[in-house]
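Q: Just passing along the structure, written as structure tokens.
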Amino acid sequence: MLGFAKRTLLFLAVNFLILITLSITFNLLGIGAYFGARGIDYRSLIIFCLVWGMGGAFISLALSRVMAKWMMGVVVIDPGTRDPALAGLVNTVHTLARAAGLPKMPEVGYYPSPEVNAFATGPTKSRALVAVSAGLLQRMDQAQLEGVLAHEIAHVANGDMVTMTLVQGVINALVMFLARVIAFFLANRGRDSESSSAPNYLVVLVLEMVLSFFGMIAVAAFSRYREYRADSGGASLAGREKMIAALEALRRTVEYADLTGKESMATLKISGKRRAGFNPFSTHPPLEDRIERLKLMA
């Protein structure tokens, strides 16, 4: 699996930065006065954390397509292009999108990287982006390419982008809530029960950073489940053999070539380097497991 740290540059890191920015802004403006002389106003704190935790996640979702184009250098392909290779790519994506019943054709693009990979992102099914690397276009045949693209279209059709945002929003809310509660009790250790003081906001920020780190484990677990679903959906759209062929090609690339030095910043990326042992931060299951599951499909 590719290193999770760079992966967060598109969704998790953007979401985290928004969360921290919101917290600092609210502190400077005095918003969220849920600490009183007698303790914590839990109802106000819960509402505050839910509203702004979910808000941070949806802001990062709204920016996902723009951030992908900017960070990855994605070139969106004009559907009317006369380049036969690019026209074929757009046609394949649109054919799969129609088969999946998408309400609007996604944007199709490519980015200049030697890695063999692809990703899908965007705020809704009607505003999605499917992009492939130059390395993937160079190294995969048509059947393998169809398997990869079907996997990405399945992500869009399954609503994984919005569902991922909802999961991240819940994690955000929990992080904000627990950070403030823990900081409050740390600030009031040894004080009498008749009075209390608000926690130091630097302590809250540090706790948010630590708790966000652990929250990524829950997000990664959901992401692994989502990948199995996208494989199944891709097999339904393009055929099981094409989906298996695509994953087999990715596995050979990972095993025999060091083409993943430049990490993609995508939330819905199809593959990554293999790691020894279980990695709780991996957003993708091992390719071997994914291939085996497809082979066992009825």
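Just remember, in the structure tokens the first chain shown is A, the second B, etc., residues are 1-based per chain, and ligands are 1-based in the order shown.
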Quick one: residues within 7 Å of A:Thr283, only C-alpha atoms, excluding same-chain residues fewer than 4 positions away - as a list in words?
A: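 Final neighbour list, sorted by chain and number: Ala220, Ala221, Ser223 and Arg224 of chain A.
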Q: Produce a table with one row for each residue of stretch 44-79 of chain A that has an atom at most 8 Å from any atom of stretch 168-183 of chain A, each row naming the nearest atom pair and its distance in Å at one decimal; use only C-alpha atoms; arrange rows by chain and rising residue number; format as a Markdown table.
A:
```
| residue | atom | partner | partner_atom | distance |
| --- | --- | --- | --- | --- |
| A:Leu45 | CA | A:Phe177 | CA | 6.9 |
| A:Ile46 | CA | A:Phe177 | CA | 6.6 |
| A:Cys49 | CA | A:Ala173 | CA | 4.7 |
| A:Leu50 | CA | A:Ala173 | CA | 4.9 |
| A:Val51 | CA | A:Ala173 | CA | 7.9 |
| A:Trp52 | CA | A:Ala173 | CA | 7.4 |
| A:Gly53 | CA | A:Ala173 | CA | 4.4 |
| A:Met54 | CA | A:Gly169 | CA | 4.0 |
| A:Gly55 | CA | A:Gly169 | CA | 7.3 |
| A:Gly56 | CA | A:Gly169 | CA | 7.1 |
| A:Ala57 | CA | A:Gly169 | CA | 5.1 |
| A:Phe58 | CA | A:Gly169 | CA | 7.6 |
```
Q: Grab the residues selected above and save them as an mmCIF file, in the first residue's frame with N, CA and C atoms.
A:
```cif
data_model
loop_
_atom_site.group_PDB
_atom_site.id
_atom_site.type_symbol
_atom_site.label_atom_id
_atom_site.label_comp_id
_atom_site.auth_asym_id
_atom_site.auth_seq_id
_atom_site.Cartn_x
_atom_site.Cartn_y
_atom_site.Cartn_z
ATOM 1 N N LEU A 45 -22.332 21.786 23.020
ATOM 2 C CA LEU A 45 -21.065 21.281 22.491
ATOM 3 C C LEU A 45 -21.301 20.234 21.410
ATOM 4 N N ILE A 46 -22.254 19.315 21.637
ATOM 5 C CA ILE A 46 -22.547 18.269 20.649
ATOM 6 C C ILE A 46 -23.056 18.882 19.351
ATOM 7 N N CYS A 49 -20.184 20.645 17.524
ATOM 8 C CA CYS A 49 -19.239 19.718 16.889
ATOM 9 C C CYS A 49 -19.847 19.039 15.672
ATOM 10 N N LEU A 50 -21.115 18.664 15.746
ATOM 11 C CA LEU A 50 -21.760 18.022 14.597
ATOM 12 C C LEU A 50 -21.854 18.973 13.406
ATOM 13 N N VAL A 51 -22.279 20.221 13.675
ATOM 14 C CA VAL A 51 -22.455 21.185 12.587
ATOM 15 C C VAL A 51 -21.125 21.476 11.905
ATOM 16 N N TRP A 52 -20.107 21.793 12.699
ATOM 17 C CA TRP A 52 -18.841 22.204 12.094
ATOM 18 C C TRP A 52 -17.967 21.018 11.696
ATOM 19 N N GLY A 53 -18.124 19.870 12.364
ATOM 20 C CA GLY A 53 -17.394 18.675 11.937
ATOM 21 C C GLY A 53 -17.869 18.197 10.580
ATOM 22 N N MET A 54 -19.205 18.140 10.416
ATOM 23 C CA MET A 54 -19.751 17.761 9.114
ATOM 24 C C MET A 54 -19.457 18.840 8.079
ATOM 25 N N GLY A 55 -19.509 20.107 8.514
ATOM 26 C CA GLY A 55 -19.236 21.204 7.591
ATOM 27 C C GLY A 55 -17.841 21.129 7.017
ATOM 28 N N GLY A 56 -16.858 20.828 7.857
ATOM 29 C CA GLY A 56 -15.480 20.715 7.381
ATOM 30 C C GLY A 56 -15.325 19.620 6.351
ATOM 31 N N ALA A 57 -15.999 18.475 6.590
ATOM 32 C CA ALA A 57 -15.906 17.360 5.647
ATOM 33 C C ALA A 57 -16.537 17.719 4.306
ATOM 34 N N PHE A 58 -17.686 18.390 4.344
ATOM 35 C CA PHE A 58 -18.353 18.726 3.086
ATOM 36 C C PHE A 58 -17.644 19.850 2.334
#
```
Q: Tell me which of A:Asn279, A:Met297, A:Ser126, A:Pro79 sits closest to A:Met216, counting only C-alpha atoms.
A: A:Asn279
Q: Which residues, written as number ranges by chain, have at least one atom at most 9 Å from stretch 230-238 of chain A, with only C-alpha atoms counted and residues fewer than 5 positions away on the same chain left out?
A: A: 96, 99-100, 143, 146-155, 157-158, 160, 225, 243-244, 290-291, 293-294, 297
Q: Since we have the selection now, will you write its residues out, keeping N, CA and C atoms, as a short mmCIF file (atom, residue, chain, number, x, y, z; two decimals), in the first residue's frame?
A:
```
data_model
loop_
_atom_site.label_atom_id
_atom_site.label_comp_id
_atom_site.auth_asym_id
_atom_site.auth_seq_id
_atom_site.Cartn_x
_atom_site.Cartn_y
_atom_site.Cartn_z
N LEU A 96 -19.19 3.23 -19.93
CA LEU A 96 -19.35 2.63 -18.61
C LEU A 96 -20.28 3.46 -17.73
N ALA A 99 -23.78 2.75 -18.67
CA ALA A 99 -24.16 1.42 -18.17
C ALA A 99 -24.44 1.45 -16.67
N ALA A 100 -23.73 2.34 -15.95
CA ALA A 100 -23.92 2.45 -14.50
C ALA A 100 -25.10 3.36 -14.15
N ALA A 143 -8.50 -4.14 -22.54
CA ALA A 143 -9.30 -4.91 -21.57
C ALA A 143 -8.94 -4.51 -20.14
N GLU A 146 -10.28 -1.04 -19.36
CA GLU A 146 -11.71 -1.07 -19.09
C GLU A 146 -11.99 -1.53 -17.66
N GLY A 147 -11.22 -2.49 -17.19
CA GLY A 147 -11.40 -2.96 -15.81
C GLY A 147 -11.12 -1.85 -14.81
N VAL A 148 -10.03 -1.12 -15.01
CA VAL A 148 -9.69 -0.01 -14.12
C VAL A 148 -10.77 1.06 -14.14
N LEU A 149 -11.19 1.45 -15.34
CA LEU A 149 -12.19 2.52 -15.46
C LEU A 149 -13.54 2.08 -14.89
N ALA A 150 -13.88 0.81 -15.06
CA ALA A 150 -15.14 0.31 -14.48
C ALA A 150 -15.10 0.39 -12.97
N HIS A 151 -13.94 0.11 -12.37
CA HIS A 151 -13.77 0.23 -10.93
C HIS A 151 -14.02 1.66 -10.48
N GLU A 152 -13.46 2.63 -11.21
CA GLU A 152 -13.63 4.03 -10.84
C GLU A 152 -15.07 4.51 -11.04
N ILE A 153 -15.70 4.09 -12.12
CA ILE A 153 -17.10 4.44 -12.34
C ILE A 153 -17.99 3.83 -11.25
N ALA A 154 -17.63 2.63 -10.80
CA ALA A 154 -18.40 2.00 -9.72
C ALA A 154 -18.31 2.84 -8.45
N HIS A 155 -17.14 3.43 -8.18
CA HIS A 155 -17.01 4.33 -7.04
C HIS A 155 -18.03 5.47 -7.14
N ALA A 157 -20.81 5.60 -9.04
CA ALA A 157 -22.18 5.09 -9.00
C ALA A 157 -22.60 4.68 -7.60
N ASN A 158 -21.67 4.17 -6.81
CA ASN A 158 -21.97 3.76 -5.43
C ASN A 158 -22.11 4.95 -4.48
N ASP A 160 -19.64 6.69 -3.33
CA ASP A 160 -18.58 6.56 -2.33
C ASP A 160 -18.03 7.90 -1.88
N TYR A 225 -13.37 -1.47 2.76
CA TYR A 225 -14.66 -2.08 2.41
C TYR A 225 -15.18 -1.52 1.10
N MET A 243 -11.86 -7.12 -14.96
CA MET A 243 -11.52 -6.56 -13.65
C MET A 243 -10.34 -7.31 -13.04
N ILE A 244 -10.35 -8.63 -13.16
CA ILE A 244 -9.23 -9.43 -12.66
C ILE A 244 -7.95 -9.10 -13.44
N ARG A 290 -8.03 -8.86 -3.21
CA ARG A 290 -9.06 -8.37 -4.12
C ARG A 290 -9.23 -9.31 -5.32
N ILE A 291 -8.12 -9.79 -5.84
CA ILE A 291 -8.18 -10.72 -6.98
C ILE A 291 -8.87 -12.02 -6.56
N ARG A 293 -11.05 -12.52 -4.21
CA ARG A 293 -12.49 -12.31 -4.02
C ARG A 293 -13.22 -12.31 -5.36
N LEU A 294 -12.63 -11.67 -6.35
CA LEU A 294 -13.25 -11.64 -7.68
C LEU A 294 -13.32 -13.03 -8.28
N MET A 297 -16.30 -14.88 -7.01
CA MET A 297 -17.62 -14.36 -7.30
C MET A 297 -18.42 -15.35 -8.12
#
```
Q: Per DSSP on the backbone, filter stretch 49-261 of chain A down to the residues in strand (DSSP E) and report them as a PyMOL selection string.
A: chain A and resi 75-76+107-111+118-121+129-133
Q: Would you give me, as JSON, numbers by chain, the residues in stretch 100-155 of chain A that DSSP reads as alpha helix (DSSP H)?
A: {"A": [134, 135, 136, 137, 138, 139, 142, 143, 144, 145, 146, 147, 148, 149, 150, 151, 152, 153, 154, 155]}
Q: Would you mind exporting the chosen residues as a compact mmCIF listing (two decimals), in the first residue's frame, restricted to C-alpha atoms?
A:
```txt
# COMPACT_ATOMS: atom_id res chain seq x y z
CA ALA A 134 0.09 8.56 -18.29
CA GLY A 135 1.82 5.41 -17.04
CA LEU A 136 -1.46 3.50 -16.98
CA LEU A 137 -2.32 4.55 -20.54
CA GLN A 138 1.10 3.40 -21.72
CA ARG A 139 1.22 0.04 -19.97
CA GLN A 142 -7.79 -2.10 -23.67
CA ALA A 143 -9.30 -4.91 -21.57
CA GLN A 144 -7.20 -3.99 -18.52
CA LEU A 145 -7.99 -0.30 -19.00
CA GLU A 146 -11.71 -1.07 -19.09
CA GLY A 147 -11.40 -2.96 -15.81
CA VAL A 148 -9.69 -0.01 -14.12
CA LEU A 149 -12.19 2.52 -15.46
CA ALA A 150 -15.14 0.31 -14.48
CA HIS A 151 -13.77 0.23 -10.93
CA GLU A 152 -13.63 4.03 -10.84
CA ILE A 153 -17.10 4.44 -12.34
CA ALA A 154 -18.40 2.00 -9.72
CA HIS A 155 -17.01 4.33 -7.04
```
Q: Would you mind reading off the distance between atom CA of A:Gly80 and atom CA of A:Ser133, one decimal, in Å?
A: 20.3 Å
Q: Please list as a PyMOL selection string every residue within 8 Å of A:Gly109, counting only C-alpha atoms and excluding residues in the same chain fewer than 2 positions away.
A: chain A and resi 74-77+107+111+129-132
Q: Using only C-alpha atoms, which of A:Leu61, A:Leu205, A:Ala218, A:Ala246 sits nearest A:Ala118?
A: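 So, comparing all the options, the nearest one is A:Ala246.
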Q: I'd like to know which of A:Val210, A:Leu102, A:Leu287, A:Val162 is closest to A:Ile59, using only C-alpha atoms.
A: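 Closest candidate: A:Val162.
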Q: Tell me which of A:Arg226, A:Arg43, A:Glu241, A:Arg252 sits closest to A:Pro285, counting only C-alpha atoms.
A: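 Under the stated criterion, the closest residue is A:Arg226.
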Q: Please indicate the distance in Å from atom CA of A:Ala249 to atom CA of A:Lys125, rounded to one decimal place.
A: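 The value is 27.9 Å.
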Q: Taking only C-alpha atoms into account, which of A:Pro114, A:Ala62, A:Asp141, A:Glu288 comes nearest A:Ala128?
A: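 Ranked by minimum distance to A:Ala128, first place goes to A:Ala62.
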Q: Any idea what's packed within 9 Å of A:Ile217, counting only C-alpha atoms, ignoring anything in its chain fewer than 5 positions away? Could you give it as a list in words?
A: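 Residues meeting the cut-off are Phe222, Pro280, Phe281, Ser282 and Thr283 of chain A.
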